[in-house]
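Here's data16.tsv, which has TSV, C-alpha atoms and all ligand atoms:
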```tsv
chain	number	residue	atom	x	y	z
A	1460	MET	CA	-18.41	8.61	-2.16
A	1461	GLU	CA	-20.63	8.25	0.87
A	1462	ARG	CA	-20.33	10.49	3.85
A	1463	ASP	CA	-18.91	8.68	6.86
A	1464	SER	CA	-18.20	10.94	9.78
A	1465	ASP	CA	-16.02	8.27	11.45
A	1466	SER	CA	-13.57	8.52	8.54
A	1467	GLY	CA	-12.70	12.10	9.49
A	1468	PRO	CA	-13.26	15.36	7.59
A	1469	LEU	CA	-10.43	14.60	5.14
A	1470	SER	CA	-12.66	11.86	3.74
A	1471	PHE	CA	-15.60	14.21	2.96
A	1472	SER	CA	-16.36	14.57	-0.76
A	1473	PRO	CA	-17.15	18.00	-2.32
A	1474	MET	CA	-20.85	17.03	-2.10
A	1475	ASP	CA	-20.51	16.17	1.61
A	1476	TRP	CA	-19.04	19.61	2.25
A	1477	GLN	CA	-21.78	21.27	0.21
A	1478	ARG	CA	-24.42	19.54	2.35
A	1479	GLU	CA	-22.65	20.57	5.56
A	1480	PHE	CA	-22.21	24.14	4.36
A	1481	ALA	CA	-25.88	24.36	3.36
A	1482	THR	CA	-26.85	23.66	6.98
A	1483	PHE	CA	-25.00	26.76	8.09
A	1484	GLY	CA	-25.96	28.97	5.18
A	1485	GLU	CA	-22.69	28.96	3.23
A	1486	ALA	CA	-22.64	28.96	-0.56
A	1487	ASP	CA	-21.61	25.89	-2.60
A	1488	TYR	CA	-18.48	27.56	-3.93
A	1489	ARG	CA	-17.12	27.72	-0.38
A	1490	ALA	CA	-17.26	23.92	-0.25
A	1491	ARG	CA	-15.25	23.72	-3.47
A	1492	GLN	CA	-12.71	26.18	-2.05
A	1493	LEU	CA	-12.35	24.08	1.08
A	1494	TYR	CA	-11.97	20.84	-0.90
A	1495	SER	CA	-9.25	22.46	-2.98
A	1496	TRP	CA	-7.34	23.67	0.11
A	1497	LEU	CA	-7.46	20.20	1.67
A	1498	HIS	CA	-6.94	17.91	-1.30
A	1499	SER	CA	-5.25	19.95	-4.01
A	1500	ARG	CA	-3.03	22.23	-1.94
A	1501	ARG	CA	-2.75	19.73	0.95
A	1502	VAL	CA	-3.27	22.46	3.55
A	1503	LEU	CA	-4.17	20.71	6.80
A	1504	GLU	CA	-4.85	23.82	8.97
A	1505	TYR	CA	-8.15	25.65	8.56
A	1506	GLY	CA	-6.46	28.82	9.84
A	1507	GLU	CA	-4.27	28.95	6.70
A	1508	MET	CA	-7.23	28.87	4.27
A	1509	THR	CA	-7.12	32.59	3.70
A	1510	ASN	CA	-9.92	32.93	1.13
A	1511	LEU	CA	-12.45	31.48	3.60
A	1512	PRO	CA	-14.06	33.90	6.08
A	1513	LYS	CA	-12.45	33.80	9.51
A	1514	SER	CA	-15.76	32.88	11.17
A	1515	LEU	CA	-16.12	29.88	8.84
A	1516	ARG	CA	-12.56	28.75	9.54
A	1517	GLN	CA	-13.23	28.91	13.28
A	1518	ARG	CA	-16.45	26.97	12.89
A	1519	LEU	CA	-14.74	24.28	10.82
A	1520	ALA	CA	-11.96	23.94	13.40
A	1521	GLN	CA	-14.58	23.46	16.12
A	1522	GLN	CA	-16.96	21.14	14.27
A	1523	PHE	CA	-14.58	19.23	12.03
A	1524	PRO	CA	-11.17	19.08	13.72
A	1525	LEU	CA	-8.56	17.62	11.40
A	1526	SER	CA	-6.71	16.05	14.38
A	1527	PRO	CA	-3.53	15.02	12.57
A	1528	PRO	CA	-1.64	12.13	14.15
A	1529	ASP	CA	1.53	13.02	16.01
A	1530	ALA	CA	4.52	12.51	13.73
A	1531	SER	CA	7.33	13.57	15.99
A	1532	HIS	CA	9.22	10.27	15.82
A	1533	LYS	CA	11.18	9.79	12.60
A	1534	ALA	CA	14.34	8.07	11.45
A	1535	LYS	CA	16.44	8.84	8.37
A	1536	GLY	CA	18.43	6.17	6.58
A	1537	ARG	CA	21.75	6.55	4.78
A	1538	ASP	CA	19.99	5.97	1.45
A	1539	GLY	CA	17.65	8.93	2.06
A	1540	THR	CA	14.68	6.82	3.20
A	1541	VAL	CA	12.78	8.56	6.00
A	1542	LYS	CA	10.44	6.56	8.20
A	1543	TYR	CA	7.81	8.19	10.42
A	1544	LEU	CA	6.06	6.57	13.34
A	1545	LEU	CA	2.64	8.21	13.61
A	1546	ARG	CA	0.44	8.12	16.70
A	1547	ALA	CA	-3.31	8.83	16.55
A	1548	ALA	CA	-5.18	10.46	19.44
A	1549	ASP	CA	-6.41	7.03	20.64
A	1550	GLY	CA	-2.82	5.75	20.82
A	1551	ALA	CA	-2.95	3.64	17.63
A	1552	ARG	CA	0.47	3.65	15.97
A	1553	PHE	CA	1.33	3.18	12.33
A	1554	GLU	CA	4.18	3.91	9.96
A	1555	ALA	CA	4.67	5.95	6.80
A	1556	VAL	CA	7.85	5.99	4.73
A	1557	PHE	CA	9.34	8.43	2.21
A	1558	LEU	CA	11.36	6.58	-0.42
A	1559	PRO	CA	13.40	8.82	-2.74
A	1560	SER	CA	14.75	7.49	-6.02
A	1561	ARG	CA	16.23	8.81	-9.25
A	1562	SER	CA	12.94	8.18	-11.05
A	1563	GLY	CA	10.87	10.07	-8.44
A	1564	ALA	CA	9.70	9.68	-4.88
A	1565	SER	CA	7.38	7.01	-3.56
A	1566	LEU	CA	5.26	7.38	-0.45
A	1567	CYS	CA	4.61	4.14	1.39
A	1568	VAL	CA	1.62	4.34	3.72
A	1569	SER	CA	-0.20	2.09	6.18
A	1570	THR	CA	-3.82	1.02	5.99
A	1571	GLN	CA	-4.13	-0.63	9.39
A	1572	ALA	CA	-2.47	-0.18	12.79
A	1573	GLY	CA	-1.01	-3.70	12.96
A	1574	CYS	CA	-2.44	-6.63	11.00
A	1575	THR	CA	-4.49	-9.75	11.71
A	1576	PHE	CA	-2.71	-12.07	9.31
A	1577	HIS	CA	0.47	-13.10	11.17
A	1578	CYS	CA	2.72	-13.83	8.18
A	1579	SER	CA	5.71	-15.47	9.82
A	1580	PHE	CA	8.37	-13.27	8.15
A	1581	CYS	CA	6.66	-9.91	8.83
A	1582	ALA	CA	7.23	-7.57	11.77
A	1583	THR	CA	3.67	-6.19	11.52
A	1584	GLY	CA	2.36	-9.74	11.68
A	1585	THR	CA	3.85	-10.10	15.17
A	1586	LEU	CA	1.86	-7.10	16.45
A	1587	GLY	CA	-1.74	-8.19	15.89
A	1588	LEU	CA	-4.36	-5.68	14.81
A	1589	THR	CA	-5.08	-2.57	16.87
A	1590	ARG	CA	-7.63	-1.19	14.39
A	1591	ASN	CA	-8.29	-0.26	10.78
A	1592	LEU	CA	-7.15	3.20	9.76
A	1593	THR	CA	-9.77	5.62	8.49
A	1594	ALA	CA	-9.71	7.06	4.98
A	1595	GLY	CA	-8.72	10.38	6.56
A	1596	GLU	CA	-5.75	8.77	8.33
A	1597	ILE	CA	-4.61	7.08	5.11
A	1598	LEU	CA	-4.87	10.35	3.16
A	1599	HIS	CA	-3.19	12.26	5.94
A	1600	GLN	CA	-0.08	10.07	5.61
A	1601	VAL	CA	0.16	10.83	1.88
A	1602	TYR	CA	-0.35	14.59	2.29
A	1603	PHE	CA	1.95	14.77	5.29
A	1604	LEU	CA	4.80	12.97	3.49
A	1605	ALA	CA	4.30	14.98	0.28
A	1606	ASN	CA	4.35	18.25	2.25
A	1607	GLU	CA	7.32	17.28	4.42
A	1608	HIS	CA	9.37	16.47	1.32
A	1609	LYS	CA	7.87	19.23	-0.89
A	1610	LEU	CA	6.74	16.88	-3.63
A	1611	PRO	CA	4.62	18.06	-6.55
A	1612	SER	CA	4.17	14.47	-7.71
A	1613	TYR	CA	4.86	11.04	-6.32
A	1614	ARG	CA	3.88	7.39	-6.43
A	1615	VAL	CA	1.70	6.02	-3.65
A	1616	LEU	CA	2.40	2.55	-2.32
A	1617	LEU	CA	-0.11	0.91	-0.02
A	1618	MET	CA	2.64	-1.32	1.32
A	1619	GLY	CA	3.00	-0.12	4.91
A	1620	MET	CA	1.42	-1.76	7.92
A	1621	GLY	CA	-1.69	-3.84	7.35
A	1622	GLU	CA	-3.49	-5.63	4.53
A	1623	PRO	CA	-5.17	-2.91	2.39
A	1624	LEU	CA	-7.90	-5.17	1.05
A	1625	ALA	CA	-8.91	-6.14	4.61
A	1626	ASN	CA	-9.82	-2.46	5.17
A	1627	PHE	CA	-11.52	-2.21	1.81
A	1628	GLN	CA	-14.09	0.58	2.22
A	1629	GLN	CA	-11.71	3.06	3.85
A	1630	VAL	CA	-8.94	2.28	1.35
A	1631	ILE	CA	-11.23	2.80	-1.64
A	1632	LYS	CA	-12.53	6.03	-0.17
A	1633	ALA	CA	-8.99	7.35	0.34
A	1634	LEU	CA	-7.87	6.34	-3.16
A	1635	LYS	CA	-10.89	8.01	-4.77
A	1636	HIS	CA	-9.84	11.29	-3.16
A	1637	LEU	CA	-6.28	10.83	-4.44
A	1638	VAL	CA	-7.46	10.43	-8.04
A	1639	HIS	CA	-10.19	13.14	-7.77
A	1640	PRO	CA	-9.57	15.83	-10.45
A	1641	ASP	CA	-10.11	18.61	-7.88
A	1642	GLY	CA	-7.73	16.93	-5.44
A	1643	GLN	CA	-4.28	15.45	-6.11
A	1644	ALA	CA	-5.48	14.11	-9.49
A	1645	CYS	CA	-3.12	11.12	-9.16
A	1646	SER	CA	-3.24	8.64	-11.99
A	1647	PRO	CA	-4.36	5.20	-10.72
A	1648	ARG	CA	-1.26	3.93	-12.51
A	1649	ARG	CA	0.82	5.77	-9.91
A	1650	ILE	CA	-0.92	3.93	-7.08
A	1651	THR	CA	0.14	0.42	-6.11
A	1652	VAL	CA	-1.91	-1.68	-3.73
A	1653	SER	CA	-0.02	-4.52	-2.10
A	1654	THR	CA	-2.00	-7.56	-1.02
A	1655	VAL	CA	-1.62	-11.15	0.08
A	1656	GLY	CA	-4.77	-11.75	-2.02
A	1657	LEU	CA	-8.26	-11.81	-0.53
A	1658	ARG	CA	-11.00	-13.60	-2.46
A	1659	GLY	CA	-13.21	-11.28	-4.49
A	1660	ARG	CA	-11.42	-8.11	-3.38
A	1661	ILE	CA	-8.95	-7.84	-6.29
A	1662	SER	CA	-11.72	-7.79	-8.89
A	1663	HIS	CA	-13.70	-5.38	-6.70
A	1664	LEU	CA	-10.67	-3.08	-6.43
A	1665	ALA	CA	-10.24	-3.14	-10.22
A	1666	ARG	CA	-13.92	-2.20	-10.70
A	1667	GLU	CA	-13.72	0.65	-8.20
A	1668	LEU	CA	-10.43	2.07	-9.44
A	1669	PRO	CA	-9.62	0.96	-13.01
A	1670	GLY	CA	-5.92	1.10	-13.83
A	1671	VAL	CA	-4.72	0.74	-10.24
A	1672	GLU	CA	-1.58	-1.35	-10.00
A	1673	LEU	CA	-1.31	-4.45	-7.84
A	1674	ALA	CA	1.67	-5.92	-6.02
A	1675	LEU	CA	0.82	-9.47	-5.06
A	1676	SER	CA	2.77	-10.59	-1.99
A	1677	LEU	CA	3.50	-14.05	-3.35
A	1678	HIS	CA	6.77	-14.95	-1.56
A	1679	PHE	CA	6.34	-18.72	-2.03
A	1680	PRO	CA	5.64	-20.38	-5.38
A	1681	GLY	CA	3.54	-23.26	-3.99
A	1682	ASP	CA	0.45	-23.50	-1.79
A	1683	GLY	CA	2.16	-25.69	0.85
A	1684	GLN	CA	4.83	-23.22	1.97
A	1685	ARG	CA	2.65	-20.21	1.25
A	1686	GLN	CA	-0.10	-21.45	3.54
A	1687	GLN	CA	2.44	-22.45	6.20
A	1688	HIS	CA	3.98	-18.96	6.36
A	1689	MET	CA	1.01	-16.83	5.28
A	1690	PRO	CA	-2.16	-17.97	7.08
A	1691	ALA	CA	-4.43	-15.81	4.86
A	1692	ALA	CA	-3.37	-17.96	1.89
A	1693	LYS	CA	-5.31	-20.94	3.32
A	1694	ARG	CA	-8.54	-19.20	2.30
A	1695	PHE	CA	-7.39	-18.42	-1.23
A	1696	PRO	CA	-5.22	-21.07	-2.92
A	1697	LEU	CA	-2.94	-19.95	-5.75
A	1698	GLY	CA	-5.12	-21.48	-8.47
A	1699	ASP	CA	-8.14	-19.39	-7.46
A	1700	LEU	CA	-5.99	-16.34	-6.76
A	1701	PHE	CA	-4.42	-16.36	-10.25
A	1702	ASP	CA	-7.82	-16.96	-11.84
A	1703	GLU	CA	-9.03	-13.79	-10.17
A	1704	LEU	CA	-5.89	-11.85	-11.13
A	1705	ILE	CA	-6.20	-12.76	-14.76
A	1706	THR	CA	-9.94	-12.22	-15.05
A	1707	SER	CA	-10.15	-8.91	-13.12
A	1708	GLU	CA	-11.16	-6.48	-15.84
A	1709	GLY	CA	-9.60	-3.06	-15.46
A	1710	LEU	CA	-6.75	-4.09	-13.21
A	1711	GLY	CA	-3.48	-2.26	-14.05
A	1712	LYS	CA	0.00	-3.74	-14.01
A	1713	VAL	CA	0.49	-6.75	-11.75
A	1714	THR	CA	3.80	-7.39	-10.00
A	1715	LEU	CA	4.65	-10.54	-8.09
A	1716	GLU	CA	6.55	-9.63	-4.91
A	1717	TYR	CA	9.00	-12.28	-3.72
A	1718	LEU	CA	11.10	-11.97	-0.56
A	1719	LEU	CA	14.22	-14.10	-0.91
A	1720	LEU	CA	14.68	-16.12	2.29
A	1721	GLU	CA	17.87	-18.10	2.60
A	1722	GLY	CA	17.31	-21.85	2.36
A	1723	VAL	CA	13.51	-21.44	2.38
A	1724	ASN	CA	12.35	-20.29	-1.07
A	1725	ASP	CA	15.53	-19.56	-3.04
A	1726	THR	CA	16.40	-22.77	-4.90
A	1727	ARG	CA	16.43	-23.20	-8.69
A	1728	GLU	CA	13.29	-25.34	-8.34
A	1729	ASP	CA	11.62	-22.39	-6.60
A	1730	ALA	CA	12.77	-20.10	-9.44
A	1731	ALA	CA	11.32	-22.51	-12.01
A	1732	ALA	CA	8.00	-22.69	-10.14
A	1733	LEU	CA	7.95	-18.90	-9.84
A	1734	ALA	CA	8.63	-18.47	-13.58
A	1735	THR	CA	5.74	-20.79	-14.33
A	1736	LEU	CA	3.44	-18.74	-12.12
A	1737	ALA	CA	4.65	-15.51	-13.72
A	1738	TYR	CA	3.51	-16.88	-17.08
A	1739	GLY	CA	0.05	-17.27	-15.59
A	1740	VAL	CA	0.16	-21.06	-15.48
A	1741	VAL	CA	-1.98	-21.60	-12.46
A	1742	PRO	CA	-1.40	-24.78	-10.50
A	1743	ARG	CA	-5.00	-25.97	-10.65
A	1744	GLN	CA	-5.40	-25.47	-14.38
A	1745	ARG	CA	-2.00	-26.81	-15.43
A	1746	LYS	CA	-2.33	-24.97	-18.70
A	1747	ALA	CA	-0.99	-21.67	-19.94
A	1748	ILE	CA	-3.18	-18.63	-20.36
A	1749	PRO	CA	-3.15	-17.57	-24.06
A	1750	PRO	CA	-0.21	-15.15	-24.58
A	1751	SER	CA	-2.50	-12.51	-26.13
A	1752	ARG	CA	-4.44	-12.31	-22.88
A	1753	LEU	CA	-1.30	-12.14	-20.79
A	1754	ARG	CA	0.14	-9.43	-23.01
A	1755	SER	CA	-2.78	-7.15	-22.34
A	1756	ARG	CA	-2.82	-8.00	-18.65
A	1757	PHE	CA	0.92	-7.61	-18.12
A	1758	ARG	CA	1.41	-4.50	-20.28
A	1759	GLY	CA	3.04	-6.03	-23.32
A	1760	PHE	CA	5.05	-8.68	-21.49
A	1761	ASN	CA	4.29	-12.35	-21.78
A	1762	ALA	CA	4.68	-12.74	-18.04
A	1763	CYS	CA	4.12	-10.78	-14.83
A	1764	HIS	CA	6.96	-8.60	-13.63
A	1765	VAL	CA	8.64	-10.29	-10.66
A	1766	ASN	CA	10.11	-8.10	-7.96
A	1767	LEU	CA	12.67	-9.99	-5.89
A	1768	ILE	CA	13.19	-8.32	-2.52
A	1769	GLU	CA	16.13	-8.50	-0.16
A	1770	TYR	CA	14.79	-9.58	3.24
A	1771	ASN	CA	15.25	-7.30	6.22
A	1772	PRO	CA	15.58	-9.80	9.11
A	1773	LEU	CA	13.49	-9.50	12.27
A	1774	PRO	CA	15.13	-9.52	15.71
A	1775	SER	CA	13.95	-13.15	16.13
A	1776	ALA	CA	16.29	-14.04	13.21
A	1777	GLU	CA	13.99	-16.90	12.14
A	1778	PHE	CA	14.71	-16.06	8.52
A	1779	GLN	CA	17.82	-14.65	6.88
A	1780	PRO	CA	18.19	-12.90	3.53
A	1781	THR	CA	19.49	-14.93	0.60
A	1782	PRO	CA	23.15	-13.94	-0.02
A	1783	TYR	CA	23.58	-11.54	-2.92
A	1784	ALA	CA	25.35	-13.98	-5.27
A	1785	LYS	CA	22.59	-16.54	-4.87
A	1786	ALA	CA	19.91	-13.88	-5.31
A	1787	GLU	CA	21.61	-12.83	-8.55
A	1788	ASP	CA	21.61	-16.44	-9.74
A	1789	PHE	CA	17.89	-16.68	-8.92
A	1790	GLN	CA	17.20	-13.49	-10.85
A	1791	ASN	CA	19.27	-14.67	-13.83
A	1792	TYR	CA	17.31	-17.92	-13.92
A	1793	LEU	CA	14.06	-15.97	-14.20
A	1794	LYS	CA	15.49	-13.69	-16.89
A	1795	ALA	CA	16.68	-16.70	-18.89
A	1796	ALA	CA	13.12	-18.01	-18.66
A	1797	GLY	CA	11.92	-14.75	-20.24
A	1798	VAL	CA	10.50	-13.26	-17.04
A	1799	TYR	CA	11.19	-9.58	-16.36
A	1800	ALA	CA	12.69	-9.78	-12.87
A	1801	THR	CA	14.21	-7.00	-10.80
A	1802	TYR	CA	16.08	-7.31	-7.52
A	1803	ARG	CA	15.34	-4.65	-4.91
A	1804	ARG	CA	17.89	-4.15	-2.17
A	1805	SER	CA	16.30	-3.54	1.21
A	1806	ARG	CA	15.68	0.21	1.69
A	1807	GLY	CA	16.45	1.96	4.95
A	1808	ARG	CA	17.89	-1.15	6.53
A	1809	ASP	CA	19.73	0.96	9.13
A	1810	ILE	CA	16.41	2.48	10.32
A	1811	ALA	CA	14.24	-0.65	10.55
A	1812	ALA	CA	12.25	0.48	7.49
A	1813	ALA	CA	10.60	-2.86	6.75
A	1814	CYS	CA	6.90	-2.63	7.51
A	1815	GLY	CA	6.13	-2.79	11.24
A	1816	MET	CA	9.73	-2.94	12.45
A	1817	LEU	CA	9.85	0.51	14.02
A	1818	THR	CA	6.54	-0.06	15.81
A	1819	ALA	CA	7.58	-3.55	16.89
A	1820	SER	CA	10.79	-2.15	18.33
A	1821	GLU	CA	8.64	0.09	20.58
A	1822	GLY	CA	6.22	-2.62	21.72
A	1823	ARG	CA	2.64	-3.41	20.71
A	1824	PRO	CA	0.79	-0.57	18.96
A	1825	GLY	CA	-1.80	1.13	21.07
A	1826	ALA	CA	-0.17	-0.23	24.21
B	1	LIG	S1	2.87	-9.34	5.17
B	1	LIG	FE1	1.05	-7.99	5.03
B	1	LIG	S2	-0.67	-9.39	5.44
B	1	LIG	FE2	1.17	-10.45	6.18
B	1	LIG	S3	1.32	-9.90	8.37
B	1	LIG	FE3	2.55	-8.40	7.21
B	1	LIG	S4	1.18	-6.67	6.86
B	1	LIG	FE4	-0.11	-8.45	7.40
```
Represent the structure contained in this file as structure tokens.
Amino acid sequence: MERDSDSGPLSFSPMDWQREFATFGEADYRARQLYSWLHSRRVLEYGEMTNLPKSLRQRLAQQFPLSPPDASHKAKGRDGTVKYLLRAADGARFEAVFLPSRSGASLCVSTQAGCTFHCSFCATGTLGLTRNLTAGEILHQVYFLANEHKLPSYRVLLMGMGEPLANFQQVIKALKHLVHPDGQACSPRRITVSTVGLRGRISHLARELPGVELALSLHFPGDGQRQQHMPAAKRFPLGDLFDELITSEGLGKVTLEYLLLEGVNDTREDAAALATLAYGVVPRQRKAIPPSRLRSRFRGFNACHVNLIEYNPLPSAEFQPTPYAKAEDFQNYLKAAGVYATYRRSRGRDIAAACGMLTASEGRPGA
């Protein structure tokens, strides 16, 4: 990990701290103690690091302020979802969400304040991009949520505001801290990166963090509609995208994310096209990937897991969610085709928990 002072002190590696400490005559073991306080115990106040000398704590506070974003605005949903609107010192706003479930909590964090990609169904897409978040700001969201909800373990979802792979360096830096054995020691298999798919970045992610899981925001089973509603897809047609997915050595489980939009992408023909994609039959090749290869890629299944998602409509009401009975029919079609498909009801609907909705309801971020 390279030292990058703009990423904030939370992004410093143990070696970075050793170098800093050497300049003011502190021993190496102090750097390891500090790293453990920050990344293993998730203590975000130097004053509480009681095994460090008081003079060192004061110096750290002066030279390396942790400057946590303000997190005073939060909303709790009936299903236990808690959404936080965070505000950095420069006014950039972004969202982080605690998602409890019977199988354990997930922490959904943002990687950008806003987004450049303008997907037509997405609240964040209406905001434009204020700026990329730093590795420190991404980590801070995870530690803050884990501390708030007293979690010894959790899944991390990079599914909040922004396109993670468009902020590649900072995202990788943050994730390497999360999996660091002297930090949270998260398994990469408990980290899911959501992406619309950016050329070359999926394979790069897999090389940097083997085992990391990927949620591909597919949403439309053909290039025409996908490119119409997701401008980023124009630069990476489905054929090329699936080639990269299938050939990215080291990539963990892949899930296809599919928002069900009434009358837009929820017909039986759409389900059939989606099932074909889930089997790795890419439109350009028109031939199936050998099942043995798919089995290793999709963890023993012959096809990708498809996650159907209930849409949380925006105030513009341009799209509406597919009614439940029709969504069930769509899911059953996929199951009958041998595709493992789940249907996820919208979480925290009563608190605008879809990505970007809370920020959008308060106006442009950074404004
Ligand atoms: S869906 Fe993702 S990539 Fe598209 S606008 Fe929203 S945050 Fe950006």
Let me have all residues with an atom within 12 Å of ligand LIG 1 (chain B), counting only C-alpha atoms and all ligand atoms, laid out as a PyMOL selection string. chain A and resi 1553-1554+1568-1588+1617-1626+1652-1657+1674-1678+1685-1686+1688-1692+1716-1718+1813-1816+1819
Those same residues - C-alpha atoms - I'd like them written as a compact mmCIF listing (two decimals), keeping the file's coordinate frame.
```
# COMPACT_ATOMS: atom_id res chain seq x y z
CA PHE A 1553 1.33 3.18 12.33
CA GLU A 1554 4.18 3.91 9.96
CA VAL A 1568 1.62 4.34 3.72
CA SER A 1569 -0.20 2.09 6.18
CA THR A 1570 -3.82 1.02 5.99
CA GLN A 1571 -4.13 -0.63 9.39
CA ALA A 1572 -2.47 -0.18 12.79
CA GLY A 1573 -1.01 -3.70 12.96
CA CYS A 1574 -2.44 -6.63 11.00
CA THR A 1575 -4.49 -9.75 11.71
CA PHE A 1576 -2.71 -12.07 9.31
CA HIS A 1577 0.47 -13.10 11.17
CA CYS A 1578 2.72 -13.83 8.18
CA SER A 1579 5.71 -15.47 9.82
CA PHE A 1580 8.37 -13.27 8.15
CA CYS A 1581 6.66 -9.91 8.83
CA ALA A 1582 7.23 -7.57 11.77
CA THR A 1583 3.67 -6.19 11.52
CA GLY A 1584 2.36 -9.74 11.68
CA THR A 1585 3.85 -10.10 15.17
CA LEU A 1586 1.86 -7.10 16.45
CA GLY A 1587 -1.74 -8.19 15.89
CA LEU A 1588 -4.36 -5.68 14.81
CA LEU A 1617 -0.11 0.91 -0.02
CA MET A 1618 2.64 -1.32 1.32
CA GLY A 1619 3.00 -0.12 4.91
CA MET A 1620 1.42 -1.76 7.92
CA GLY A 1621 -1.69 -3.84 7.35
CA GLU A 1622 -3.49 -5.63 4.53
CA PRO A 1623 -5.17 -2.91 2.39
CA LEU A 1624 -7.90 -5.17 1.05
CA ALA A 1625 -8.91 -6.14 4.61
CA ASN A 1626 -9.82 -2.46 5.17
CA VAL A 1652 -1.91 -1.68 -3.73
CA SER A 1653 -0.02 -4.52 -2.10
CA THR A 1654 -2.00 -7.56 -1.02
CA VAL A 1655 -1.62 -11.15 0.08
CA GLY A 1656 -4.77 -11.75 -2.02
CA LEU A 1657 -8.26 -11.81 -0.53
CA ALA A 1674 1.67 -5.92 -6.02
CA LEU A 1675 0.82 -9.47 -5.06
CA SER A 1676 2.77 -10.59 -1.99
CA LEU A 1677 3.50 -14.05 -3.35
CA HIS A 1678 6.77 -14.95 -1.56
CA ARG A 1685 2.65 -20.21 1.25
CA GLN A 1686 -0.10 -21.45 3.54
CA HIS A 1688 3.98 -18.96 6.36
CA MET A 1689 1.01 -16.83 5.28
CA PRO A 1690 -2.16 -17.97 7.08
CA ALA A 1691 -4.43 -15.81 4.86
CA ALA A 1692 -3.37 -17.96 1.89
CA GLU A 1716 6.55 -9.63 -4.91
CA TYR A 1717 9.00 -12.28 -3.72
CA LEU A 1718 11.10 -11.97 -0.56
CA ALA A 1813 10.60 -2.86 6.75
CA CYS A 1814 6.90 -2.63 7.51
CA GLY A 1815 6.13 -2.79 11.24
CA MET A 1816 9.73 -2.94 12.45
CA ALA A 1819 7.58 -3.55 16.89
```
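Of the residues under consideration (A:Phe1627, A:Glu1769, A:Pro1473, A:Gly1709), A:Pro1473 shows the shortest atom-to-atom contact distance to His1639 (chain A) when counting only C-alpha atoms.
Using only C-alpha atoms for every distance, the candidate list A:Arg1660, A:Arg1552, A:Arg1649, A:Arg1489 yields A:Arg1660 as the residue closest to Gln1628 (chain A).
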Edge lengths and centre in Å, axis-aligned, region 1673-1692 of chain A plus 5 Å each side, as AutoDock Vina command-line options:
```
--center_x 1.2 --center_y -15.1 --center_z -0.4 --size_x 21.2 --size_y 31.2 --size_z 24.9
```
Dig up all the protein and nucleic acid residues within 12 Å of (4.8, 7.6, 3.3) in the file frame, using only C-alpha atoms, and format them as a short mmCIF file (atom, residue, chain, number, x, y, z; two decimals) with C-alpha atoms, keeping the file's coordinate frame.
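Once everything was written out, this is selection-v5.cif:
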```cif
data_model
loop_
_atom_site.label_atom_id
_atom_site.label_comp_id
_atom_site.auth_asym_id
_atom_site.auth_seq_id
_atom_site.Cartn_x
_atom_site.Cartn_y
_atom_site.Cartn_z
CA ALA A 1530 4.52 12.51 13.73
CA LYS A 1533 11.18 9.79 12.60
CA THR A 1540 14.68 6.82 3.20
CA VAL A 1541 12.78 8.56 6.00
CA LYS A 1542 10.44 6.56 8.20
CA TYR A 1543 7.81 8.19 10.42
CA LEU A 1544 6.06 6.57 13.34
CA LEU A 1545 2.64 8.21 13.61
CA PHE A 1553 1.33 3.18 12.33
CA GLU A 1554 4.18 3.91 9.96
CA ALA A 1555 4.67 5.95 6.80
CA VAL A 1556 7.85 5.99 4.73
CA PHE A 1557 9.34 8.43 2.21
CA LEU A 1558 11.36 6.58 -0.42
CA PRO A 1559 13.40 8.82 -2.74
CA ALA A 1564 9.70 9.68 -4.88
CA SER A 1565 7.38 7.01 -3.56
CA LEU A 1566 5.26 7.38 -0.45
CA CYS A 1567 4.61 4.14 1.39
CA VAL A 1568 1.62 4.34 3.72
CA SER A 1569 -0.20 2.09 6.18
CA THR A 1570 -3.82 1.02 5.99
CA GLU A 1596 -5.75 8.77 8.33
CA ILE A 1597 -4.61 7.08 5.11
CA LEU A 1598 -4.87 10.35 3.16
CA HIS A 1599 -3.19 12.26 5.94
CA GLN A 1600 -0.08 10.07 5.61
CA VAL A 1601 0.16 10.83 1.88
CA TYR A 1602 -0.35 14.59 2.29
CA PHE A 1603 1.95 14.77 5.29
CA LEU A 1604 4.80 12.97 3.49
CA ALA A 1605 4.30 14.98 0.28
CA ASN A 1606 4.35 18.25 2.25
CA GLU A 1607 7.32 17.28 4.42
CA HIS A 1608 9.37 16.47 1.32
CA LEU A 1610 6.74 16.88 -3.63
CA TYR A 1613 4.86 11.04 -6.32
CA ARG A 1614 3.88 7.39 -6.43
CA VAL A 1615 1.70 6.02 -3.65
CA LEU A 1616 2.40 2.55 -2.32
CA LEU A 1617 -0.11 0.91 -0.02
CA MET A 1618 2.64 -1.32 1.32
CA GLY A 1619 3.00 -0.12 4.91
CA MET A 1620 1.42 -1.76 7.92
CA ALA A 1812 12.25 0.48 7.49
CA CYS A 1814 6.90 -2.63 7.51
#
```
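Straight-line separation from CA of Ala1665 (chain A) to CA of Lys1635 (chain A): 12.4 Å.
For the pair CA of Gly1797 (chain A) and CA of Leu1736 (chain A), the separation is 12.4 Å.
Between CA of Leu1497 (chain A) and CA of Gln1522 (chain A) there is a distance of 15.8 Å.
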